[in-house]
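K.L.:
Before anything else, here's the structure in question.
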Amino acid sequence: MKIHKLIFIFSSLTSSIAVSQLEYDTIPKISLTTVSQENQGNSYITFPLDIGNIEPLWFEGNIIPNFNIRTSKNSKMLGVITPQIILRMYQEDSYPVKTPSYIPQITVYYSLKSEQNVNSFNLFGRFAHHSNGQEGEFYNADGTINTETGNFSTNFIEAGFIKTGYNKKLNAVKFLSTSFEVHPKHLTYSEMLGIYGLYKLNTILSIFKIPEKPFAKKKANISLKLKTSWTFGNVNNWNSFSNKRLNVSFTFFYHPNFFEDIGFFAQIYHGMDYYNIYFNHQITVVRFGLMTEKLRF
């Protein structure tokens, strides 16, 4: 009789531990590498289906490989070198690719928690260069900006934090990033001063819906990203609260099961053009295309 009781107690404890372990295993662990990948952004290519006031394009491509530097996977600090390039092919004679954006950068991430935890708080700092590889005069003879061969060059420092979390009810992982970006005057091409924003407050909210399966080697099948940027300082003598200072984008991403690292995305963007010397253009565009999404939970 006593043996039966012991077996029953042991079985109950084993079952309880197994259930607890299963619940623990179903909670995703967000590594510092995953945090950096989400914050660095994604490579993508758009279809020639843009809707809005942007110039007709065959495609826009964002090439953003990331090279990680750290001593171990458990390290609380991570360095990332990123030779980012954005280019556009225009629907014009000879299909020109005009003045690509070169944005090489180095970013350092630091986790305030030593363990990989879904509820993490991380700091990051970045130094980046943004130019178009041209050396012509900034202005045309008629006073307009020379978007063909005009020189565009700036350097900036960005610092902020990233908070991660998990919604068990929705089975979704979320990232909230806030940062402040500064373009020092002496590191920005002089002709751009007064018409280009030197101070920006950036915010990114990302949500990844995870499939209802074990998390090991699984990817989000749906993700949403809202990104805003508010420009401070003297820009074209705009009012301090002018809506022209606001850049906002909303991106919907769907990863079908038959694709490994890419999926489909749709995006709405409104604000100043981010394509180097075209920054003085205010654009509103809806676009579609293919995007990489390498985050695994």
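Residues in the structure tokens are named by chain (A, B, ... in the order shown) and by number from 1 within that chain; ligands are numbered from 1 in the order shown.
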From range 174-230 of chain A, collect each residue whose DSSP state is strand (DSSP E) and return the set as a count of residues only.

P.N.:
29

K.L.:
For range 146-155 of chain A, list every protein, DNA or RNA residue within 6 Å, evaluated using only C-alpha atoms, and leave out those in the same chain fewer than 6 positions away; present the list as a PyMOL selection string.

P.N.:
chain A and resi 128-132+134-140+183+187-189+277

K.L.:
Go through A:Ile207, A:Leu87, A:Val108, A:Leu201 and flag the residue nearest Tyr275 in chain A, using only C-alpha atoms for the distances.

P.N.:
A:Leu87

K.L.:
Just the residues within 9 Å of Asn247 in chain A, please, counting only C-alpha atoms, with nothing from its chain fewer than 6 positions along; format it as a list in words.

P.N.:
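Neighbouring residues, sequence-local ones excluded: Lys227, Thr228, Ser229, Trp230, Thr231, Tyr269, His270, Gly271, Met272 and Asp273 of chain A.
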
K.L.:
Neighbouring residues of Lys73 in chain A were defined as those with any atom within 9 Å, considering only C-alpha atoms; residues of the same chain fewer than 5 positions away were excluded. Please report them as a list in words.

P.N.:
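Once the nearby chain positions are removed, what remains is Ser31, Leu32 and Thr33 of chain A.
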
K.L.:
Next, the residues of the selection above should be written as a JSON list (two decimals), in the first residue's frame with C-alpha atoms.

P.N.:
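This is the output file out.json:
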```json
[["chain", "number", "residue", "atom", "x", "y", "z"],
["A", 31, "SER", "CA", 18.64, 36.84, -27.36],
["A", 32, "LEU", "CA", 20.65, 40.01, -27.81],
["A", 33, "THR", "CA", 21.28, 38.90, -31.40]]
```

K.L.:
So that I can check the surroundings of Phe59 in chain A, please list as a list of chain:residue names every protein, DNA and RNA residue that reaches within 10 Å of it, counting only C-alpha atoms and ignoring chain neighbours fewer than 3 positions away.

P.N.:
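Counting only the stated atoms, we get A:Tyr44, A:Ile45, A:Thr46, A:Phe47, A:Pro48, A:Leu49, A:Asp50, A:Pro56, A:Leu87, A:Arg88, A:Met89, A:Tyr90, A:Gln91, A:Val97, A:Arg287, A:Phe288, A:Gly289.
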
K.L.:
Would you please work out which residue, of A:Ser75, A:Thr144, A:Thr82, A:Asn53, is nearest to Ile283 in chain A when using only C-alpha atoms?

P.N.:
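So, comparing all the options, the nearest one is A:Asn53.
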
K.L.:
So which residues of range 168-222 of chain A fall under helix (DSSP H, G or I) by DSSP, listed as an mmCIF file with C-alpha atoms, in the first residue's frame?

P.N.:
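The file below, states-v3.cif, is the result:
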```cif
data_model
loop_
_atom_site.group_PDB
_atom_site.id
_atom_site.type_symbol
_atom_site.label_atom_id
_atom_site.label_comp_id
_atom_site.auth_asym_id
_atom_site.auth_seq_id
_atom_site.Cartn_x
_atom_site.Cartn_y
_atom_site.Cartn_z
ATOM 1 C CA LYS A 185 26.955 70.443 -37.818
ATOM 2 C CA HIS A 186 30.692 70.049 -38.435
ATOM 3 C CA LEU A 187 30.073 66.480 -39.702
ATOM 4 C CA SER A 190 27.467 72.823 -45.023
ATOM 5 C CA GLU A 191 24.976 73.358 -47.869
ATOM 6 C CA MET A 192 22.490 71.122 -46.050
#
```

K.L.:
Of the candidates A:Val235, A:Met77, A:Val173, A:Ile222, which one gets nearest to Tyr254 in chain A if we count only C-alpha atoms?

P.N.:
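Among A:Val235, A:Met77, A:Val173, A:Ile222, it is A:Ile222 that comes nearest to Tyr254 in chain A.
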